[in-house]
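Peer 1: Got a file for you: my_file-v2.cif, mmCIF, C-alpha atoms.
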```cif
data_query
loop_
_atom_site.label_atom_id
_atom_site.label_comp_id
_atom_site.auth_asym_id
_atom_site.auth_seq_id
_atom_site.Cartn_x
_atom_site.Cartn_y
_atom_site.Cartn_z
CA MET A 1 0.00 0.00 0.00
CA ALA A 2 1.23 3.48 -0.83
CA VAL A 3 2.30 5.69 2.09
CA PRO A 4 2.99 9.46 2.10
CA VAL A 5 6.63 10.36 1.44
CA LEU A 6 6.93 14.08 0.81
CA ASP A 7 4.86 17.08 1.90
CA SER A 8 4.60 20.59 0.49
CA ASP A 9 7.04 22.16 3.00
CA GLN A 10 9.64 19.52 2.13
CA LEU A 11 9.10 20.04 -1.61
CA LEU A 12 9.60 23.81 -1.25
CA ALA A 13 12.82 23.21 0.72
CA HIS A 14 13.96 20.73 -1.97
CA LEU A 15 13.26 23.23 -4.76
CA GLN A 16 14.91 26.19 -3.05
CA GLY A 17 17.90 24.04 -2.03
CA HIS A 18 18.51 23.08 -5.64
CA ARG A 19 18.06 26.70 -6.70
CA ARG A 20 20.72 27.83 -4.19
CA LEU A 21 23.16 25.36 -5.75
CA THR A 22 22.33 26.62 -9.25
CA ARG A 23 22.92 30.20 -8.09
CA ARG A 24 26.39 29.24 -6.86
CA THR A 25 27.04 27.55 -10.22
CA ILE A 26 26.05 30.72 -12.12
CA ALA A 27 28.27 32.85 -9.86
CA LEU A 28 31.37 30.67 -10.49
CA PHE A 29 31.56 31.43 -14.23
CA PRO A 30 33.90 34.15 -15.46
CA ALA A 31 31.41 36.84 -16.65
CA ASP A 32 32.53 36.67 -20.31
CA GLN A 33 32.44 32.84 -20.46
CA PHE A 34 28.95 32.81 -18.94
CA THR A 35 27.46 34.11 -22.20
CA THR A 36 29.90 32.53 -24.69
CA PHE A 37 31.51 29.27 -23.54
CA ALA A 38 29.98 25.91 -24.47
CA VAL A 39 30.90 22.28 -25.17
CA GLY A 40 29.75 20.08 -28.08
CA GLY A 41 27.74 22.80 -29.85
CA MET A 42 25.40 23.29 -26.88
CA ARG A 43 24.13 26.57 -25.42
CA PRO A 44 26.26 28.78 -23.16
CA PHE A 45 25.21 28.71 -19.49
CA GLY A 46 23.80 32.23 -19.85
CA ALA A 47 21.15 30.81 -22.18
CA ILE A 48 20.44 27.86 -19.88
CA ALA A 49 20.12 30.20 -16.88
CA ARG A 50 17.58 32.23 -18.84
CA GLU A 51 15.52 29.07 -19.43
CA LEU A 52 15.70 28.16 -15.73
CA LEU A 53 14.64 31.70 -14.76
CA ALA A 54 11.62 31.33 -17.05
CA MET A 55 10.50 28.17 -15.24
CA ALA A 56 10.67 27.77 -11.42
CA GLY A 57 9.60 31.28 -10.39
CA PRO A 58 7.04 32.03 -13.12
CA PHE A 59 5.56 28.51 -12.93
CA VAL A 60 5.04 28.63 -9.15
CA LYS A 61 3.40 32.05 -9.53
CA ALA A 62 1.19 30.80 -12.36
CA PHE A 63 0.14 27.66 -10.44
CA ALA A 64 -0.93 29.97 -7.60
CA THR A 65 -2.67 32.61 -9.75
CA ASP A 66 -3.69 30.68 -12.92
CA ASP A 67 -2.26 33.61 -14.87
CA TRP A 68 0.07 32.26 -17.60
CA ASP A 69 0.35 35.47 -19.62
CA GLN A 70 3.95 36.34 -18.77
CA TRP A 71 6.42 33.96 -20.35
CA ASP A 72 9.97 34.76 -21.41
CA GLU A 73 10.57 32.66 -24.52
CA ASP A 74 13.76 34.55 -25.42
CA ARG A 75 16.79 32.30 -25.02
CA THR A 76 19.45 34.91 -25.79
CA PRO A 77 22.21 34.47 -23.19
CA ILE A 78 21.60 36.76 -20.21
CA ALA A 79 24.45 38.65 -18.47
CA GLN A 80 25.70 37.04 -15.27
CA ASP A 81 24.91 39.98 -12.95
CA VAL A 82 21.39 40.25 -14.40
CA ALA A 83 20.90 36.49 -13.99
CA LEU A 84 21.93 36.64 -10.33
CA ALA A 85 19.64 39.60 -9.58
CA LYS A 86 16.69 37.89 -11.31
CA TRP A 87 17.54 34.66 -9.48
CA ASP A 88 17.04 36.39 -6.13
CA GLU A 89 13.79 37.99 -7.33
CA ASN A 90 12.51 34.52 -8.31
CA THR A 91 13.53 33.07 -4.94
CA ALA A 92 11.31 35.64 -3.25
CA LEU A 93 8.54 35.10 -5.84
CA ILE A 94 8.49 31.36 -5.10
CA ASP A 95 8.29 31.89 -1.32
CA GLN A 96 5.55 34.49 -1.85
CA HIS A 97 3.33 32.35 -4.10
CA TRP A 98 3.96 28.91 -2.54
CA PRO A 99 1.04 29.16 -0.07
CA GLY A 100 -1.30 30.03 -2.96
CA LEU A 101 -0.05 27.05 -4.96
CA VAL A 102 -0.48 24.73 -1.96
CA ALA A 103 -4.01 26.02 -1.39
CA LYS A 104 -4.97 25.06 -4.97
CA GLY A 105 -3.37 21.63 -4.61
CA PHE A 106 -0.87 19.39 -6.41
CA THR A 107 -3.23 17.02 -8.21
CA ARG A 108 -4.82 19.52 -10.63
CA GLU A 109 -4.27 18.66 -14.29
CA ILE A 110 -2.85 21.61 -16.23
CA THR A 111 -1.68 21.66 -19.85
CA ILE A 112 0.99 24.36 -19.81
CA PHE A 113 0.90 26.62 -22.90
CA GLY A 114 -1.39 24.07 -24.52
CA GLN A 115 1.61 21.76 -24.95
CA TRP A 116 2.69 20.02 -21.73
CA PRO A 117 0.02 18.07 -19.88
CA GLY A 118 0.45 16.89 -16.28
CA THR A 119 -0.48 17.48 -12.69
CA VAL A 120 0.98 20.40 -10.74
CA ARG A 121 3.10 17.85 -8.84
CA GLN A 122 4.46 16.38 -12.07
CA HIS A 123 5.23 19.83 -13.49
CA LEU A 124 7.09 20.85 -10.31
CA PHE A 125 9.23 17.71 -10.36
CA TYR A 126 9.94 18.36 -14.03
CA VAL A 127 11.09 21.89 -13.17
CA ILE A 128 13.46 20.54 -10.49
CA ASP A 129 14.75 17.65 -12.64
CA ASN A 130 15.29 19.99 -15.59
CA GLU A 131 17.25 22.37 -13.36
CA ILE A 132 19.46 19.54 -11.98
CA HIS A 133 20.01 18.30 -15.54
CA HIS A 134 21.00 21.65 -17.03
CA ARG A 135 23.03 22.71 -14.00
CA ALA A 136 25.09 19.54 -14.48
CA GLN A 137 25.75 20.79 -18.01
CA GLY A 138 27.09 23.94 -16.34
CA PHE A 139 29.29 21.81 -14.04
CA THR A 140 30.77 20.20 -17.17
CA TYR A 141 31.46 23.65 -18.68
CA LEU A 142 33.14 24.77 -15.43
CA ARG A 143 35.37 21.65 -15.42
CA ALA A 144 36.27 22.23 -19.07
CA LEU A 145 37.24 25.80 -18.05
CA GLY A 146 39.41 24.41 -15.23
CA ILE A 147 37.05 25.69 -12.50
CA GLU A 148 35.97 23.47 -9.57
CA PRO A 149 32.13 23.33 -9.41
CA PRO A 150 30.38 23.73 -6.03
CA PRO A 151 29.87 20.52 -3.98
CA PHE A 152 26.74 18.81 -5.39
CA TRP A 153 25.51 17.73 -1.94
CA GLU A 154 25.56 21.25 -0.46
CA ARG A 155 22.24 23.05 -0.70
CA MET B 1 0.00 24.21 6.51
CA ALA B 2 1.90 21.41 4.80
CA VAL B 3 -0.10 18.98 2.64
CA PRO B 4 0.97 15.58 1.20
CA VAL B 5 2.51 15.78 -2.29
CA LEU B 6 4.12 12.47 -3.17
CA ASP B 7 3.45 8.88 -2.06
CA SER B 8 5.62 5.78 -2.18
CA ASP B 9 4.12 4.41 -5.42
CA GLN B 10 4.77 7.74 -7.14
CA LEU B 11 8.34 7.87 -5.82
CA LEU B 12 9.05 4.36 -7.14
CA ALA B 13 7.65 5.35 -10.56
CA HIS B 14 9.77 8.52 -10.49
CA LEU B 15 12.92 6.55 -9.64
CA GLN B 16 12.36 3.82 -12.22
CA GLY B 17 11.42 6.40 -14.88
CA HIS B 18 14.73 8.20 -14.38
CA ARG B 19 16.55 4.87 -14.41
CA ARG B 20 14.97 3.97 -17.77
CA LEU B 21 16.28 7.25 -19.21
CA THR B 22 19.77 6.55 -17.82
CA ARG B 23 19.68 3.07 -19.38
CA ARG B 24 18.92 4.61 -22.79
CA THR B 25 21.81 7.05 -22.25
CA ILE B 26 24.24 4.18 -21.49
CA ALA B 27 23.05 2.28 -24.58
CA LEU B 28 23.69 5.24 -26.92
CA PHE B 29 27.46 5.33 -26.34
CA PRO B 30 29.76 3.58 -28.82
CA ALA B 31 31.09 0.66 -26.70
CA ASP B 32 34.72 1.83 -26.81
CA GLN B 33 33.90 5.46 -25.94
CA PHE B 34 31.77 4.33 -22.99
CA THR B 35 34.90 3.36 -21.04
CA THR B 36 37.32 5.97 -22.42
CA PHE B 37 35.71 9.24 -23.57
CA ALA B 38 35.46 12.22 -21.20
CA VAL B 39 35.40 16.04 -21.19
CA GLY B 40 37.38 18.38 -18.95
CA GLY B 41 39.38 15.67 -17.17
CA MET B 42 36.22 14.03 -15.76
CA ARG B 43 35.43 10.30 -15.58
CA PRO B 44 34.24 8.30 -18.59
CA PHE B 45 30.53 7.37 -18.48
CA GLY B 46 31.50 3.73 -17.76
CA ALA B 47 32.86 4.87 -14.38
CA ILE B 48 29.79 7.03 -13.69
CA ALA B 49 27.46 4.12 -14.60
CA ARG B 50 29.37 1.96 -12.13
CA GLU B 51 28.73 4.54 -9.38
CA LEU B 52 25.02 4.71 -10.27
CA LEU B 53 24.80 0.90 -10.22
CA ALA B 54 26.31 0.94 -6.70
CA MET B 55 23.59 3.30 -5.45
CA ALA B 56 19.90 2.95 -6.47
CA GLY B 57 19.59 -0.86 -6.41
CA PRO B 58 21.89 -1.68 -3.46
CA PHE B 59 20.53 1.25 -1.40
CA VAL B 60 16.88 0.23 -1.85
CA LYS B 61 17.79 -3.34 -0.91
CA ALA B 62 19.75 -2.15 2.14
CA PHE B 63 16.94 0.17 3.29
CA ALA B 64 14.63 -2.87 3.16
CA THR B 65 17.00 -5.35 4.81
CA ASP B 66 19.33 -3.15 6.92
CA ASP B 67 22.22 -5.18 5.47
CA TRP B 68 24.89 -2.78 4.17
CA ASP B 69 27.68 -5.32 3.77
CA GLN B 70 27.77 -5.43 -0.02
CA TRP B 71 29.14 -2.23 -1.52
CA ASP B 72 31.02 -1.84 -4.79
CA GLU B 73 33.54 0.94 -4.17
CA ASP B 74 35.49 0.12 -7.34
CA ARG B 75 35.13 2.94 -9.88
CA THR B 76 37.02 1.30 -12.74
CA PRO B 77 34.94 1.89 -15.90
CA ILE B 78 32.58 -1.01 -16.51
CA ALA B 79 31.95 -2.44 -20.01
CA GLN B 80 28.74 -1.25 -21.66
CA ASP B 81 27.15 -4.72 -22.06
CA VAL B 82 27.92 -5.56 -18.43
CA ALA B 83 26.48 -2.21 -17.31
CA LEU B 84 23.25 -2.83 -19.21
CA ALA B 85 22.86 -6.36 -17.80
CA LYS B 86 23.50 -5.15 -14.24
CA TRP B 87 21.11 -2.25 -14.85
CA ASP B 88 18.27 -4.68 -15.55
CA GLU B 89 19.20 -6.77 -12.49
CA ASN B 90 19.01 -3.62 -10.35
CA THR B 91 15.64 -2.66 -11.85
CA ALA B 92 14.26 -6.01 -10.66
CA LEU B 93 16.06 -5.67 -7.30
CA ILE B 94 14.38 -2.29 -6.69
CA ASP B 95 10.91 -3.60 -7.52
CA GLN B 96 11.54 -6.64 -5.31
CA HIS B 97 12.71 -4.73 -2.22
CA TRP B 98 10.50 -1.64 -2.51
CA PRO B 99 7.65 -3.11 -0.39
CA GLY B 100 10.16 -3.93 2.38
CA LEU B 101 11.55 -0.39 2.26
CA VAL B 102 8.03 1.07 2.39
CA ALA B 103 7.14 -1.16 5.37
CA LYS B 104 10.10 0.23 7.34
CA GLY B 105 9.20 3.82 6.43
CA PHE B 106 10.82 6.91 4.94
CA THR B 107 11.48 8.93 8.09
CA ARG B 108 14.10 6.66 9.70
CA GLU B 109 17.48 8.35 10.22
CA ILE B 110 20.33 6.30 8.76
CA THR B 111 23.99 7.29 8.54
CA ILE B 112 25.15 5.40 5.46
CA PHE B 113 28.62 3.87 5.84
CA GLY B 114 29.08 6.02 8.93
CA GLN B 115 29.48 9.05 6.64
CA TRP B 116 26.20 10.30 5.20
CA PRO B 117 23.42 11.11 7.66
CA GLY B 118 19.80 11.61 6.61
CA THR B 119 16.37 10.09 6.48
CA VAL B 120 15.53 7.31 4.03
CA ARG B 121 13.50 9.88 2.08
CA GLN B 122 16.45 12.27 1.87
CA HIS B 123 18.80 9.49 0.78
CA LEU B 124 16.41 8.35 -1.95
CA PHE B 125 16.07 11.88 -3.35
CA TYR B 126 19.84 12.19 -3.24
CA VAL B 127 20.14 8.96 -5.26
CA ILE B 128 17.71 10.30 -7.89
CA ASP B 129 19.28 13.79 -8.00
CA ASN B 130 22.76 12.31 -8.27
CA GLU B 131 21.61 10.11 -11.15
CA ILE B 132 20.01 13.06 -13.01
CA HIS B 133 23.19 15.10 -12.41
CA HIS B 134 25.64 12.46 -13.66
CA ARG B 135 23.41 11.37 -16.54
CA ALA B 136 23.47 14.98 -17.74
CA GLN B 137 27.26 14.71 -17.76
CA GLY B 138 26.73 11.71 -20.07
CA PHE B 139 24.42 13.82 -22.29
CA THR B 140 27.27 16.34 -22.60
CA TYR B 141 29.70 13.56 -23.59
CA LEU B 142 27.22 12.28 -26.20
CA ARG B 143 26.83 15.79 -27.69
CA ALA B 144 30.62 16.20 -27.76
CA LEU B 145 30.75 12.87 -29.66
CA GLY B 146 28.13 14.18 -32.13
CA ILE B 147 25.41 11.82 -30.81
CA GLU B 148 21.87 13.05 -30.05
CA PRO B 149 20.96 12.17 -26.43
CA PRO B 150 17.51 10.68 -25.67
CA PRO B 151 14.67 13.18 -25.04
CA PHE B 152 14.96 14.27 -21.38
CA TRP B 153 11.20 14.28 -20.85
CA GLU B 154 10.68 10.66 -21.95
CA ARG B 155 10.73 8.17 -19.12
#
```
Could you render the structure from this file as structure tokens?
Peer 2:
Amino acid sequence: MAVPVLDSDQLLAHLQGHRRLTRRTIALFPADQFTTFAVGGMRPFGAIARELLAMAGPFVKAFATDDWDQWDEDRTPIAQDVALAKWDENTALIDQHWPGLVAKGFTREITIFGQWPGTVRQHLFYVIDNEIHHRAQGFTYLRALGIEPPPFWER
Amino acid sequence: MAVPVLDSDQLLAHLQGHRRLTRRTIALFPADQFTTFAVGGMRPFGAIARELLAMAGPFVKAFATDDWDQWDEDRTPIAQDVALAKWDENTALIDQHWPGLVAKGFTREITIFGQWPGTVRQHLFYVIDNEIHHRAQGFTYLRALGIEPPPFWER
């Protein structure tokens, strides 16, 4: 029989913990390499950071408000100092809108932008998994640049 | 107030879904590159796969049985066909021991190998996060080899 494993406070801590590690990863890049360096024809980390900024914060807000109007689809690499400032704004946005999201529940089915179906829970795990995945790409870039990434287990 | 988000059936599906994606990633490497190719002085994916094989399956079994004697600390790159065969063994091992793990609960505190403290829940999320993280390193290797990785969202 299934038993409960994770509650909404623990999920918020999990999300924000991963986001703190991503912030440290962003901060470790030399500013010029943040928007230019890449491996294997992939995107620079400044483009990846822009994608991540368009997901966790805006999604949590939209799950709480059901307003999906604002969506940054631009994937032009963002400057490192701008990325860090927006990161902190999104951290506050997530904390602000989390109670509203929790109140509406995790089992609602939402098709995001008419393209991605799933429950709120599934979307949130996708946001976290996608951030872990792309941050690891950033770790690889840092190693290729001779820079030690932050410890993965520190949140 | 905190509300339940994820139950034990959903966590098992989440874990096995990620493991299916990692299996497809392993299978996409040319056999020789699996044990030799790397970027930025990091380990080849055959060494990473060996680490992943030492975690998800053995940890689930040990959480169910409290027997931590068997632990592969060897990180010599493993051959691709051996990795895939062991992967399938571990998939079955996880399904077999999951009910025993669930029966003992997710909130027990366990210090693994006297080094890593945490609850069973925290350890399991670490196992999944670590697998997503290192698999992404494999995605980067595949791209650098000119090979298209599997779609991240397919599990």
Peer 1: Specify as a ChimeraX atom specification all residues of chain A found within 10 Å of chain B, counting only C-alpha atoms.
Peer 2: /A:1-11,14,18,39-42,99,102-103,105-107,120-122,125-126,128-147,152-153
Peer 1: Can you move chain A onto chain B by a least-squares fit over all C-alpha atoms paired in order, then give me the moved copy as a CSV table (one decimal) with C-alpha atoms, keeping the file's coordinate frame?
Peer 2:
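The resulting superposed-v2.csv:
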```csv
chain,number,residue,atom,x,y,z
A,1,MET,CA,0.0,24.2,6.5
A,2,ALA,CA,1.9,21.4,4.8
A,3,VAL,CA,-0.1,19.0,2.6
A,4,PRO,CA,1.0,15.6,1.2
A,5,VAL,CA,2.5,15.8,-2.3
A,6,LEU,CA,4.1,12.5,-3.1
A,7,ASP,CA,3.4,8.9,-2.1
A,8,SER,CA,5.6,5.8,-2.2
A,9,ASP,CA,4.1,4.4,-5.4
A,10,GLN,CA,4.8,7.7,-7.1
A,11,LEU,CA,8.3,7.9,-5.8
A,12,LEU,CA,9.0,4.4,-7.1
A,13,ALA,CA,7.6,5.3,-10.6
A,14,HIS,CA,9.8,8.5,-10.5
A,15,LEU,CA,12.9,6.5,-9.6
A,16,GLN,CA,12.4,3.8,-12.2
A,17,GLY,CA,11.4,6.4,-14.9
A,18,HIS,CA,14.7,8.2,-14.4
A,19,ARG,CA,16.6,4.9,-14.4
A,20,ARG,CA,15.0,4.0,-17.8
A,21,LEU,CA,16.3,7.2,-19.2
A,22,THR,CA,19.8,6.5,-17.8
A,23,ARG,CA,19.7,3.1,-19.4
A,24,ARG,CA,18.9,4.6,-22.8
A,25,THR,CA,21.8,7.0,-22.2
A,26,ILE,CA,24.2,4.2,-21.5
A,27,ALA,CA,23.0,2.3,-24.6
A,28,LEU,CA,23.7,5.2,-26.9
A,29,PHE,CA,27.5,5.3,-26.3
A,30,PRO,CA,29.8,3.6,-28.8
A,31,ALA,CA,31.1,0.7,-26.7
A,32,ASP,CA,34.7,1.8,-26.8
A,33,GLN,CA,33.9,5.5,-25.9
A,34,PHE,CA,31.8,4.3,-23.0
A,35,THR,CA,34.9,3.4,-21.0
A,36,THR,CA,37.3,6.0,-22.4
A,37,PHE,CA,35.7,9.2,-23.6
A,38,ALA,CA,35.5,12.2,-21.2
A,39,VAL,CA,35.4,16.0,-21.2
A,40,GLY,CA,37.4,18.4,-18.9
A,41,GLY,CA,39.4,15.7,-17.2
A,42,MET,CA,36.2,14.0,-15.8
A,43,ARG,CA,35.4,10.3,-15.6
A,44,PRO,CA,34.3,8.3,-18.6
A,45,PHE,CA,30.6,7.4,-18.5
A,46,GLY,CA,31.5,3.7,-17.8
A,47,ALA,CA,32.9,4.9,-14.4
A,48,ILE,CA,29.8,7.0,-13.7
A,49,ALA,CA,27.5,4.1,-14.6
A,50,ARG,CA,29.4,2.0,-12.1
A,51,GLU,CA,28.7,4.5,-9.4
A,52,LEU,CA,25.0,4.7,-10.3
A,53,LEU,CA,24.8,0.9,-10.2
A,54,ALA,CA,26.3,0.9,-6.7
A,55,MET,CA,23.6,3.3,-5.5
A,56,ALA,CA,19.9,2.9,-6.5
A,57,GLY,CA,19.6,-0.9,-6.4
A,58,PRO,CA,21.9,-1.7,-3.5
A,59,PHE,CA,20.5,1.2,-1.4
A,60,VAL,CA,16.9,0.2,-1.9
A,61,LYS,CA,17.8,-3.3,-0.9
A,62,ALA,CA,19.7,-2.1,2.1
A,63,PHE,CA,16.9,0.2,3.3
A,64,ALA,CA,14.6,-2.9,3.2
A,65,THR,CA,17.0,-5.4,4.8
A,66,ASP,CA,19.3,-3.2,6.9
A,67,ASP,CA,22.2,-5.2,5.5
A,68,TRP,CA,24.9,-2.8,4.2
A,69,ASP,CA,27.7,-5.3,3.8
A,70,GLN,CA,27.8,-5.4,0.0
A,71,TRP,CA,29.1,-2.2,-1.5
A,72,ASP,CA,31.0,-1.8,-4.8
A,73,GLU,CA,33.5,0.9,-4.2
A,74,ASP,CA,35.5,0.1,-7.4
A,75,ARG,CA,35.1,2.9,-9.9
A,76,THR,CA,37.0,1.3,-12.7
A,77,PRO,CA,35.0,1.9,-15.9
A,78,ILE,CA,32.6,-1.0,-16.5
A,79,ALA,CA,32.0,-2.4,-20.0
A,80,GLN,CA,28.8,-1.3,-21.7
A,81,ASP,CA,27.1,-4.7,-22.1
A,82,VAL,CA,27.9,-5.6,-18.4
A,83,ALA,CA,26.5,-2.2,-17.3
A,84,LEU,CA,23.2,-2.8,-19.2
A,85,ALA,CA,22.8,-6.4,-17.8
A,86,LYS,CA,23.5,-5.1,-14.3
A,87,TRP,CA,21.1,-2.2,-14.9
A,88,ASP,CA,18.3,-4.7,-15.5
A,89,GLU,CA,19.2,-6.8,-12.5
A,90,ASN,CA,19.0,-3.6,-10.3
A,91,THR,CA,15.6,-2.7,-11.8
A,92,ALA,CA,14.3,-6.0,-10.7
A,93,LEU,CA,16.1,-5.7,-7.3
A,94,ILE,CA,14.4,-2.3,-6.7
A,95,ASP,CA,10.9,-3.6,-7.5
A,96,GLN,CA,11.5,-6.7,-5.3
A,97,HIS,CA,12.7,-4.7,-2.2
A,98,TRP,CA,10.5,-1.6,-2.5
A,99,PRO,CA,7.6,-3.1,-0.4
A,100,GLY,CA,10.2,-3.9,2.4
A,101,LEU,CA,11.5,-0.4,2.3
A,102,VAL,CA,8.0,1.1,2.4
A,103,ALA,CA,7.1,-1.2,5.4
A,104,LYS,CA,10.1,0.2,7.3
A,105,GLY,CA,9.2,3.8,6.4
A,106,PHE,CA,10.8,6.9,4.9
A,107,THR,CA,11.5,8.9,8.1
A,108,ARG,CA,14.1,6.7,9.7
A,109,GLU,CA,17.5,8.3,10.2
A,110,ILE,CA,20.3,6.3,8.8
A,111,THR,CA,24.0,7.3,8.5
A,112,ILE,CA,25.1,5.4,5.4
A,113,PHE,CA,28.6,3.9,5.8
A,114,GLY,CA,29.1,6.0,8.9
A,115,GLN,CA,29.5,9.1,6.6
A,116,TRP,CA,26.2,10.3,5.2
A,117,PRO,CA,23.4,11.1,7.7
A,118,GLY,CA,19.8,11.6,6.6
A,119,THR,CA,16.4,10.1,6.5
A,120,VAL,CA,15.5,7.3,4.0
A,121,ARG,CA,13.5,9.9,2.1
A,122,GLN,CA,16.4,12.3,1.9
A,123,HIS,CA,18.8,9.5,0.8
A,124,LEU,CA,16.4,8.3,-1.9
A,125,PHE,CA,16.1,11.9,-3.3
A,126,TYR,CA,19.8,12.2,-3.2
A,127,VAL,CA,20.1,9.0,-5.3
A,128,ILE,CA,17.7,10.3,-7.9
A,129,ASP,CA,19.3,13.8,-8.0
A,130,ASN,CA,22.8,12.3,-8.3
A,131,GLU,CA,21.6,10.1,-11.1
A,132,ILE,CA,20.0,13.1,-13.0
A,133,HIS,CA,23.2,15.1,-12.4
A,134,HIS,CA,25.6,12.5,-13.7
A,135,ARG,CA,23.4,11.4,-16.5
A,136,ALA,CA,23.5,15.0,-17.7
A,137,GLN,CA,27.2,14.7,-17.8
A,138,GLY,CA,26.7,11.7,-20.1
A,139,PHE,CA,24.4,13.8,-22.3
A,140,THR,CA,27.3,16.3,-22.6
A,141,TYR,CA,29.7,13.6,-23.6
A,142,LEU,CA,27.2,12.3,-26.2
A,143,ARG,CA,26.8,15.8,-27.7
A,144,ALA,CA,30.6,16.2,-27.8
A,145,LEU,CA,30.7,12.9,-29.7
A,146,GLY,CA,28.1,14.2,-32.1
A,147,ILE,CA,25.4,11.8,-30.8
A,148,GLU,CA,21.9,13.0,-30.1
A,149,PRO,CA,20.9,12.2,-26.4
A,150,PRO,CA,17.5,10.7,-25.7
A,151,PRO,CA,14.7,13.2,-25.0
A,152,PHE,CA,15.0,14.3,-21.4
A,153,TRP,CA,11.2,14.3,-20.8
A,154,GLU,CA,10.7,10.7,-22.0
A,155,ARG,CA,10.7,8.2,-19.1
```
Peer 1: I'd like to know which of B:Ala38, B:Ala47, B:Ile26, B:Leu53 is closest to Glu89 (chain B), using all atoms listed in the file.
Peer 2: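 Smallest distance to Glu89 (chain B) is found for B:Leu53.
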Peer 1: What would the selection look like, as a list in words, if the PyMOL selection byres ((chain A and resi 78) around 8) were run on the coordinates I just shared?
Peer 2: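 Selected by the PyMOL selection byres ((chain A and resi 78) around 8) here: Thr35, Gly46, Ala47, Ala49, Arg50, Thr76, Pro77, Ala79, Gln80, Val82 and Ala83 of chain A.
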Peer 1: From the set B:Phe34, B:Ala56, B:Thr22, B:Ala27, which residue has the shortest atom-to-atom contact distance to Val127 (chain B), counting only C-alpha atoms?
Peer 2: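 Between B:Phe34, B:Ala56, B:Thr22, B:Ala27, the residue approaching Val127 (chain B) most closely is B:Ala56.
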Peer 1: What is the CA of Arg23 (chain A)-CA of Leu84 (chain A) distance in Å, reported with one decimal?
Peer 2: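 So the two atoms, CA of Arg23 (chain A) and CA of Leu84 (chain A), lie 6.9 Å apart.
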Peer 1: Restricting the calculation to only C-alpha atoms: of B:Gly100, B:Gly17, B:Pro44, B:Pro151, which residue gets closest to Ala64 (chain B)?
Peer 2: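 Going through B:Gly100, B:Gly17, B:Pro44, B:Pro151 one by one, the smallest distance to Ala64 (chain B) is for B:Gly100.
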Peer 1: When the PyMOL selection byres ((chain B and resi 66-70) around 10) is applied to the file above, which residues end up in the set, as number ranges by chain?
Peer 2: B: 54, 58-65, 71-73, 101, 104, 110, 112-113
Peer 1: Within 6 Å of (19.5, -1.3, -7.6) (file coordinates; all atoms listed in the file), which protein or nucleic acid residues are there? I'd like them as a PyMOL selection string.
Peer 2: chain B and resi 56-58+90-91+93-94
Peer 1: What does the distance between CA of Phe37 (chain B) and CA of Pro150 (chain A) come to in Å, to one decimal place?
Peer 2: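 So the two atoms, CA of Phe37 (chain B) and CA of Pro150 (chain A), lie 23.4 Å apart.
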Peer 1: Please indicate the distance in Å from CA of Arg19 (chain A) to CA of Trp87 (chain A), rounded to one decimal place.
Peer 2: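 About the pair CA of Arg19 (chain A) and CA of Trp87 (chain A): they are 8.4 Å apart.
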Peer 1: Provide region 121-137 of chain B of the preceding structure as a file containing C-alpha atoms, as a short mmCIF file (atom, residue, chain, number, x, y, z; two decimals), in the first residue's frame.
Peer 2:
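As a result, decode.cif now contains:
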```
data_model
loop_
_atom_site.label_atom_id
_atom_site.label_comp_id
_atom_site.auth_asym_id
_atom_site.auth_seq_id
_atom_site.Cartn_x
_atom_site.Cartn_y
_atom_site.Cartn_z
CA ARG B 121 13.50 9.88 2.08
CA GLN B 122 16.45 12.27 1.87
CA HIS B 123 18.80 9.49 0.78
CA LEU B 124 16.41 8.35 -1.95
CA PHE B 125 16.07 11.88 -3.35
CA TYR B 126 19.84 12.19 -3.24
CA VAL B 127 20.14 8.96 -5.26
CA ILE B 128 17.71 10.30 -7.89
CA ASP B 129 19.28 13.79 -8.00
CA ASN B 130 22.76 12.31 -8.27
CA GLU B 131 21.61 10.11 -11.15
CA ILE B 132 20.01 13.06 -13.01
CA HIS B 133 23.19 15.10 -12.41
CA HIS B 134 25.64 12.46 -13.66
CA ARG B 135 23.41 11.37 -16.54
CA ALA B 136 23.47 14.98 -17.74
CA GLN B 137 27.26 14.71 -17.76
#
```
